[in-house]
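The next block is coords.cif, given as mmCIF, C-alpha atoms.
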```cif
data_my_file
#
loop_
_atom_site.label_atom_id
_atom_site.label_comp_id
_atom_site.auth_asym_id
_atom_site.auth_seq_id
_atom_site.Cartn_x
_atom_site.Cartn_y
_atom_site.Cartn_z
CA MET A 1 -12.90 -240.57 170.17
CA SER A 2 -12.91 -242.12 173.62
CA PRO A 3 -13.93 -245.79 173.59
CA ASP A 4 -15.18 -245.63 177.19
CA GLY A 5 -18.83 -244.78 176.55
CA GLN A 6 -19.40 -247.38 173.89
CA ASN A 7 -17.60 -250.10 175.82
CA LEU A 8 -19.62 -249.47 178.96
CA ASP A 9 -22.83 -249.38 176.91
CA ASN A 10 -21.91 -252.75 175.45
CA TYR A 11 -21.07 -254.18 178.86
CA TYR A 12 -24.48 -253.22 180.29
CA MET A 13 -26.34 -254.45 177.24
CA ALA A 14 -24.55 -257.82 177.33
CA ARG A 15 -25.85 -258.64 180.82
CA PRO A 16 -28.33 -261.49 181.20
CA GLY A 17 -31.88 -260.33 180.54
CA ALA A 18 -30.88 -257.01 179.02
CA HIS A 19 -32.05 -257.94 175.55
CA ASP A 20 -35.52 -258.89 176.80
CA VAL A 21 -35.87 -255.54 178.52
CA GLN A 22 -34.77 -253.72 175.39
CA LEU A 23 -37.09 -255.71 173.15
CA ASP A 24 -40.00 -254.72 175.39
CA LEU A 25 -39.01 -251.08 175.05
CA PHE A 26 -38.58 -251.37 171.28
CA GLY A 27 -42.08 -252.78 171.18
CA ASP A 28 -43.42 -249.87 173.22
CA TYR A 29 -41.68 -247.19 171.16
CA LYS A 30 -44.89 -246.62 169.23
CA SER A 31 -46.38 -245.21 172.43
CA ASN A 32 -43.93 -242.32 172.13
CA VAL A 33 -44.87 -241.54 168.54
CA ALA A 34 -48.52 -241.68 169.57
CA LEU A 35 -47.79 -238.96 172.13
CA TYR A 36 -46.08 -236.59 169.66
CA PRO A 37 -49.28 -234.52 169.22
CA ALA A 38 -49.61 -234.22 173.00
CA PHE A 39 -45.95 -233.19 173.35
CA GLN A 40 -46.40 -230.62 170.58
CA ASN A 41 -49.53 -229.27 172.23
CA TYR A 42 -47.53 -228.87 175.44
CA PHE A 43 -44.81 -226.91 173.61
CA ARG A 44 -47.47 -224.70 172.01
CA THR A 45 -49.43 -224.11 175.19
CA HIS A 46 -46.60 -223.63 177.68
CA GLN A 47 -43.79 -222.27 175.48
CA PRO A 48 -41.04 -223.63 177.74
CA PRO A 49 -37.57 -222.12 177.18
CA PHE A 50 -36.26 -224.62 174.65
CA LEU A 51 -32.80 -225.35 173.28
CA ALA A 52 -32.20 -228.05 170.69
CA VAL A 53 -28.57 -229.17 170.37
CA TRP A 54 -28.50 -231.66 167.57
CA GLY A 55 -25.89 -233.88 165.98
CA LYS A 56 -26.81 -233.15 162.38
CA ASN A 57 -25.58 -236.49 161.05
CA ASP A 58 -27.79 -238.58 163.31
CA PRO A 59 -29.19 -241.34 161.09
CA PHE A 60 -32.18 -241.89 163.40
CA PHE A 61 -33.39 -238.43 164.37
CA LEU A 62 -33.05 -236.03 161.48
CA PRO A 63 -32.41 -232.26 161.49
CA PRO A 64 -36.01 -231.50 160.38
CA GLY A 65 -37.07 -232.93 163.73
CA ALA A 66 -34.95 -230.27 165.46
CA GLU A 67 -36.22 -227.43 163.26
CA ALA A 68 -39.79 -228.54 163.96
CA PHE A 69 -39.60 -227.43 167.59
CA LYS A 70 -39.71 -223.82 166.31
CA ARG A 71 -43.09 -224.44 164.72
CA ASP A 72 -44.84 -224.86 168.06
CA ASN A 73 -42.35 -222.85 170.12
CA PRO A 74 -41.14 -219.93 167.96
CA LYS A 75 -38.55 -218.83 170.52
CA ALA A 76 -36.86 -222.24 170.53
CA VAL A 77 -33.14 -222.05 169.79
CA VAL A 78 -31.83 -224.76 167.46
CA LYS A 79 -28.11 -225.45 167.13
CA PHE A 80 -26.56 -228.11 164.92
CA PHE A 81 -23.22 -229.79 165.46
CA ASP A 82 -21.14 -231.71 162.97
CA THR A 83 -21.51 -235.05 164.69
CA GLY A 84 -23.90 -237.96 164.99
CA HIS A 85 -26.47 -239.43 167.36
CA PHE A 86 -24.08 -239.68 170.32
CA ALA A 87 -23.14 -236.02 170.13
CA LEU A 88 -21.71 -235.79 173.65
CA GLU A 89 -19.01 -238.30 172.70
CA THR A 90 -17.45 -235.68 170.44
CA HIS A 91 -18.96 -232.28 171.35
CA ALA A 92 -19.42 -232.13 175.13
CA ALA A 93 -17.56 -228.80 175.41
CA GLU A 94 -19.54 -227.16 172.59
CA ILE A 95 -22.84 -228.42 173.98
CA ALA A 96 -21.93 -227.28 177.49
CA ASN A 97 -21.20 -223.81 176.10
CA ALA A 98 -24.53 -223.72 174.27
CA ILE A 99 -26.37 -224.68 177.46
CA ARG A 100 -24.55 -222.07 179.55
CA GLU A 101 -25.26 -219.38 177.00
CA PHE A 102 -28.90 -220.37 176.67
CA LEU A 103 -29.72 -220.71 180.35
CA ALA A 104 -27.90 -217.48 181.23
CA ARG A 105 -30.38 -215.44 179.18
CA MET B 1 -18.43 -228.45 193.77
CA SER B 2 -17.59 -230.01 190.47
CA GLN B 3 -16.81 -233.33 192.09
CA VAL B 4 -19.32 -235.97 191.05
CA ARG B 5 -21.16 -237.95 193.71
CA TYR B 6 -22.47 -241.44 192.95
CA ARG B 7 -25.66 -242.28 194.80
CA THR B 8 -28.76 -244.41 194.87
CA ALA B 9 -32.27 -243.32 195.74
CA ASP B 10 -35.00 -245.57 197.10
CA VAL B 11 -38.00 -244.76 194.92
CA ASP B 12 -40.87 -246.62 196.57
CA GLY B 13 -38.63 -249.69 196.79
CA PHE B 14 -37.11 -249.23 193.32
CA LYS B 15 -33.36 -248.51 193.38
CA VAL B 16 -32.38 -245.65 191.11
CA PHE B 17 -28.65 -245.03 190.68
CA TYR B 18 -27.63 -241.48 189.87
CA ARG B 19 -24.72 -239.10 189.44
CA GLU B 20 -24.94 -235.78 191.18
CA ALA B 21 -22.80 -232.66 191.04
CA GLY B 22 -23.01 -228.99 191.90
CA SER B 23 -24.44 -227.10 194.86
CA PRO B 24 -27.89 -228.03 196.11
CA GLY B 25 -28.88 -224.35 196.03
CA ALA B 26 -28.03 -223.88 192.35
CA PRO B 27 -30.63 -224.11 189.55
CA LYS B 28 -31.55 -227.75 189.04
CA LEU B 29 -30.75 -229.67 185.87
CA LEU B 30 -31.95 -233.23 185.24
CA LEU B 31 -30.05 -235.23 182.59
CA LEU B 32 -31.93 -238.12 180.96
CA HIS B 33 -29.88 -240.58 178.93
CA GLY B 34 -30.85 -242.70 175.93
CA PHE B 35 -30.44 -246.15 174.46
CA PRO B 36 -28.20 -248.13 174.87
CA SER B 37 -26.42 -246.06 177.47
CA ALA B 38 -26.85 -244.86 181.06
CA GLY B 39 -25.82 -241.85 183.12
CA HIS B 40 -22.19 -242.35 182.14
CA MET B 41 -22.95 -240.71 178.78
CA PHE B 42 -22.89 -237.42 180.71
CA ARG B 43 -19.46 -238.02 182.27
CA ASP B 44 -17.78 -235.29 180.19
CA LEU B 45 -20.68 -232.82 180.32
CA ILE B 46 -21.33 -232.84 184.07
CA PRO B 47 -18.00 -231.30 185.19
CA LEU B 48 -18.41 -228.55 182.58
CA LEU B 49 -21.72 -227.39 184.09
CA ALA B 50 -21.36 -228.26 187.78
CA ASP B 51 -20.23 -224.74 188.78
CA ARG B 52 -23.57 -223.34 187.61
CA PHE B 53 -26.14 -226.07 188.22
CA HIS B 54 -27.22 -228.72 190.67
CA ILE B 55 -27.04 -231.65 188.28
CA VAL B 56 -28.60 -235.08 188.62
CA ALA B 57 -28.28 -237.84 186.02
CA PRO B 58 -30.20 -241.03 186.88
CA ASP B 59 -29.86 -244.38 185.16
CA LEU B 60 -33.31 -245.19 183.79
CA PRO B 61 -35.07 -248.33 185.10
CA GLY B 62 -33.58 -251.33 183.31
CA PHE B 63 -30.36 -249.46 182.45
CA GLY B 64 -26.92 -249.05 183.97
CA GLN B 65 -26.89 -249.58 187.71
CA SER B 66 -30.53 -248.90 188.47
CA ASP B 67 -32.81 -251.79 189.30
CA THR B 68 -33.69 -254.11 186.44
CA PRO B 69 -36.52 -256.21 187.83
CA PRO B 70 -37.67 -259.27 185.89
CA ARG B 71 -40.22 -258.63 183.15
CA ASN B 72 -42.90 -260.52 185.04
CA THR B 73 -42.69 -258.06 187.93
CA PHE B 74 -42.09 -254.80 186.04
CA SER B 75 -43.57 -253.89 182.70
CA TYR B 76 -40.93 -252.18 180.56
CA THR B 77 -42.90 -249.38 178.98
CA PHE B 78 -42.02 -245.72 178.58
CA ASP B 79 -45.00 -244.82 180.77
CA ASN B 80 -43.55 -246.90 183.59
CA ILE B 81 -40.01 -245.56 183.11
CA ALA B 82 -41.37 -242.02 183.26
CA GLY B 83 -43.41 -242.92 186.33
CA VAL B 84 -40.34 -244.10 188.24
CA ILE B 85 -38.29 -241.08 187.18
CA ASP B 86 -41.12 -238.73 188.09
CA ARG B 87 -41.20 -240.17 191.61
CA PHE B 88 -37.38 -240.10 191.65
CA THR B 89 -37.42 -236.32 191.14
CA GLU B 90 -39.78 -236.00 194.08
CA VAL B 91 -37.70 -238.26 196.33
CA ILE B 92 -34.53 -236.23 195.71
CA GLY B 93 -36.32 -232.87 196.04
CA PHE B 94 -36.23 -231.74 192.40
CA ASP B 95 -39.33 -229.56 192.57
CA ARG B 96 -38.41 -227.26 189.67
CA TYR B 97 -35.79 -228.17 187.13
CA ALA B 98 -34.49 -227.86 183.61
CA VAL B 99 -34.34 -231.18 181.77
CA TYR B 100 -31.80 -232.36 179.17
CA VAL B 101 -33.24 -235.15 177.05
CA PHE B 102 -31.45 -237.49 174.65
CA ASP B 103 -33.01 -240.35 172.65
CA TYR B 104 -35.10 -242.38 175.15
CA GLY B 105 -34.68 -239.51 177.59
CA ALA B 106 -36.96 -237.44 175.35
CA PRO B 107 -40.15 -239.51 175.61
CA THR B 108 -39.36 -239.82 179.32
CA GLY B 109 -38.73 -236.13 179.97
CA PHE B 110 -41.59 -234.93 177.76
CA ARG B 111 -43.96 -237.16 179.75
CA LEU B 112 -42.75 -235.45 182.94
CA ALA B 113 -43.41 -232.06 181.33
CA LEU B 114 -46.91 -233.11 180.30
CA LYS B 115 -47.70 -234.23 183.81
CA HIS B 116 -46.08 -231.31 185.67
CA PRO B 117 -45.60 -228.35 183.32
CA GLU B 118 -45.15 -226.06 186.30
CA ARG B 119 -42.01 -227.91 187.36
CA ILE B 120 -40.13 -227.51 184.09
CA THR B 121 -37.93 -224.40 183.85
CA ALA B 122 -36.36 -225.22 180.46
CA ILE B 123 -35.85 -228.10 178.04
CA ILE B 124 -32.65 -229.00 176.25
CA SER B 125 -33.17 -231.63 173.58
CA GLN B 126 -30.07 -233.31 172.25
CA ASN B 127 -31.31 -235.50 169.42
CA GLY B 128 -34.47 -236.03 171.44
CA ASN B 129 -37.30 -236.25 168.98
CA ALA B 130 -40.98 -235.23 169.14
CA TYR B 131 -41.92 -234.80 165.47
CA GLU B 132 -42.73 -237.23 162.68
CA GLU B 133 -40.40 -235.43 160.29
CA GLY B 134 -37.51 -236.15 162.65
CA LEU B 135 -37.93 -239.90 162.26
CA SER B 136 -35.77 -241.41 159.54
CA ASP B 137 -36.57 -244.66 157.79
CA ALA B 138 -33.42 -246.04 159.41
CA GLY B 139 -34.68 -244.89 162.78
CA ARG B 140 -38.04 -246.56 162.28
CA ARG B 141 -36.45 -249.75 161.02
CA SER B 142 -33.65 -249.81 163.55
CA ARG B 143 -35.89 -249.88 166.60
CA PRO B 144 -36.43 -253.65 166.42
CA ILE B 145 -32.79 -254.44 165.70
CA GLY B 146 -29.90 -254.97 168.04
CA ARG B 147 -27.55 -252.48 169.56
CA THR B 148 -24.56 -253.58 167.53
CA ARG B 149 -26.10 -252.77 164.19
CA ARG B 150 -27.63 -249.57 165.47
CA ARG B 151 -24.31 -248.51 166.94
CA ARG B 152 -22.55 -249.40 163.71
CA ILE B 153 -24.95 -247.27 161.72
CA ALA B 154 -24.57 -244.39 164.16
CA MET B 155 -20.79 -244.52 164.18
CA ARG B 156 -20.70 -244.48 160.40
CA TYR B 157 -22.15 -240.98 160.60
CA ALA B 158 -19.92 -239.77 163.40
CA PRO B 159 -16.73 -237.83 162.64
CA SER B 160 -13.54 -239.82 163.02
#
```
Can you dump the structure from the file as structure tokens?
Amino acid sequence: MSPDGQNLDNYYMARPGAHDVQLDLFGDYKSNVALYPAFQNYFRTHQPPFLAVWGKNDPFFLPPGAEAFKRDNPKAVVKFFDTGHFALETHAAEIANAIREFLAR
Amino acid sequence: MSQVRYRTADVDGFKVFYREAGSPGAPKLLLLHGFPSAGHMFRDLIPLLADRFHIVAPDLPGFGQSDTPPRNTFSYTFDNIAGVIDRFTEVIGFDRYAVYVFDYGAPTGFRLALKHPERITAIISQNGNAYEEGLSDAGRRSRPIGRTRRRRIAMRYAPS
């Protein structure tokens, strides 16, 4: 796997002040969870064309979270890939193909 | 036009750095990155889609090469990040677009969809969560910890 993405991530996050910014965002993450019902209502009401491409070994965001999109948006397409959270680091070609196929419909 | 352009937009005085590729007349695709990254996480994906889409990948406020104002002048909340990115789409003329969301890009992009459902042509969620059952205990616990540990956990689950 290419080290470039992780090394550049680490460079940006090591800059002065970066940790304070990130701690503020960690602290605000609950605002996202509080909006989940509103997001789900949007999916239900508007039924946007929806493709989930999901690294199935992500330790943070689990596959049931991908499957759940189909509950509110039955036409959602859900594809799993044998990778982790940073799925583009290993599966950019496969994900690009899934996007092309999905948006060509 | 698969060559990537590197630009900055002036969003009401806030500098947003972004990558852009593809023809301006092609269907628009907005790529929203996650923690702890920036638009460079799309460096392999962009050339693979640039023949079909007009692609824009901004660095979120506080990330990468976009402005990172001091905390006493900018409040780092997801509402404010989404507010800047919403105005960014208007400044660059993204009136209707598909949006690819990853990690922090999801609560950002879904806020844009809530505010302007008529502008969203499609959503691609790559590990961009919106359901309680998608949150792991590790995910809940890891939010207050540092990038190194989070990255270490993530890499443990990635294929070698």
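Closest to chain A among B:Phe88, B:Tyr100, B:Tyr76, B:Tyr18 is B:Tyr76, based on all atoms listed in the file.
Residues surrounding Phe61 in chain A within 9 Å are Trp54, Gly55, Lys56, Asn57, Gly65, Ala66 and His85 of chain A; Asp103, Asn127, Gly128, Asn129, Glu133, Gly134, Leu135, Ser136 and Gly139 of chain B [only C-alpha atoms; sequence separation below 4 positions excluded].
Ranking A:Pro63, A:Val21, A:Ser2, A:Asp72 by their shortest atom-to-atom distance to Phe39 in chain A, with only C-alpha atoms included, puts A:Asp72 first.
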With only C-alpha atoms counted, which protein, DNA or RNA residues have an atom no more than 6 Å from (-33.0, -233.2, 173.3) in the file frame? Please answer as a CSV table (one decimal) with C-alpha atoms, keeping the file's coordinate frame.
```csv
chain,number,residue,atom,x,y,z
A,52,ALA,CA,-32.2,-228.0,170.7
B,101,VAL,CA,-33.2,-235.2,177.0
B,102,PHE,CA,-31.4,-237.5,174.6
B,124,ILE,CA,-32.6,-229.0,176.2
B,125,SER,CA,-33.2,-231.6,173.6
B,126,GLN,CA,-30.1,-233.3,172.2
B,127,ASN,CA,-31.3,-235.5,169.4
B,128,GLY,CA,-34.5,-236.0,171.4
```
Need the shell around range 49-54 of chain B: protein/DNA/RNA residues with any atom at most 10 Å away, counting only C-alpha atoms. Skip same-chain ones fewer than 6 positions apart. Format as a PyMOL selection string? (chain A and resi 93+96-97+99-100+103-104) or (chain B and resi 1-4+20-30+94+97-98)
